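J.: Before I ask anything, let me first share the structure, which is written out below as structure tokens.
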Amino acid sequence: MSYGLVFTEHFFSNLHLTYIKNNCIILRENGIADCIYKVKLDLQFDSANTYFDIADDEDQDDEEISNYDIQPLLNLSPLSDDKHLIELLCRCLCEVIRKNDPSLTSIIIHLPSRLFSSLEDTSKQDRLMEILYNFKNISI
């Protein structure tokens with residue numbers, strides 16, 4: 001018996017998004033995905049309390065966010081100003097998948113190094129929300 005990789009692809013704006021089940025997420029902008037991150041979930045993760053629940057409670061601090069270990073495996077350019085956005089994107093993508101597959105403990109994410117750096121500060125949040133919206137709406 002042979003097993004094949006199950007993958008889903010989606011195009012929006014100038015971004016091409018590929019999700020390979022239980023393996024990796026590849027987000028290419030103009031064909032480029034030159035940074036690779038490994039997102040690993042802490043074994044103490046509380047699935048009842050996720051990142052998206054933080055927005056509902058303003059008094060709660062960001063403890064849940066620390067449950068993710070994000071390691072750059074390949075990073076061609078420093079992310080100084082965009083580091084927070086990249087980490088937030090990685091955590092959110094992982095949580096979207098975990099809603100459908102609670103057994104997921106780690107995933108590889110490929111991203112373009114200039115995903116946010118080419119935008120003005122006011123447009124960066126819009127880009128983040130656009131990516132998350134489109135990822136959430138593909139069939140996982």
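Chain labels follow the order of the structure tokens: the first chain is A, the next B, and so on; residue numbering restarts at 1 in every chain, and ligands are counted from 1 in their shown order.
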Please list as a list of chain:residue names every residue within 9 Å of Ile36 in chain A, counting only C-alpha atoms and excluding residues in the same chain fewer than 5 positions away.

T.: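 Skipping anything fewer than 5 positions along the chain leaves A:Ile26, A:Gln71, A:Pro72, A:Leu73, A:Leu74, A:Asn75, A:Ile108, A:Ile109, A:His110, A:Leu111, A:Pro112.
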
J.: Mind dumping the selected residues with C-alpha atoms as a CSV table (one decimal), in the first residue's frame?

T.:
chain,number,residue,atom,x,y,z
A,26,ILE,CA,4.4,27.1,1.8
A,71,GLN,CA,13.0,28.2,15.1
A,72,PRO,CA,14.3,29.7,11.9
A,73,LEU,CA,15.8,26.9,9.8
A,74,LEU,CA,16.6,29.2,6.9
A,75,ASN,CA,16.4,32.9,7.0
A,108,ILE,CA,7.4,23.6,8.8
A,109,ILE,CA,6.4,27.0,7.4
A,110,HIS,CA,8.1,28.5,4.3
A,111,LEU,CA,7.6,32.3,3.9
A,112,PRO,CA,9.0,35.0,1.6

J.: Using Å and a single decimal, report how far CA of Cys94 in chain A sits from CA of Ile32 in chain A.

T.: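 Those two atoms sit 20.9 Å apart.
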
J.: So, counting only C-alpha atoms, which residue among A:Asp81, A:Glu29, A:Glu9, A:Asp101 is closest to Asn134 in chain A?

T.: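 Going through A:Asp81, A:Glu29, A:Glu9, A:Asp101 one by one, the smallest distance to Asn134 in chain A is for A:Glu9.
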
J.: Can you tell me which residues surround range 37-43 of chain A at a distance of at most 12 Å, considering only C-alpha atoms, apart from same-chain residues fewer than 2 positions away, and format the answer as a ChimeraX atom specification?

T.: /A:22-27,33-35,45-47,50,64-76,83,86-95,98,102-113

J.: Quick one: distance from CA of Ile97 in chain A to CA of Glu120 in chain A in Å, one decimal?

T.: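 These two atoms are separated by 28.9 Å.
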
J.: Between CA of Tyr133 in chain A and CA of His16 in chain A, what is the spacing in Å?

T.: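 CA of Tyr133 in chain A lies at a distance of 13.6 Å from CA of His16 in chain A.
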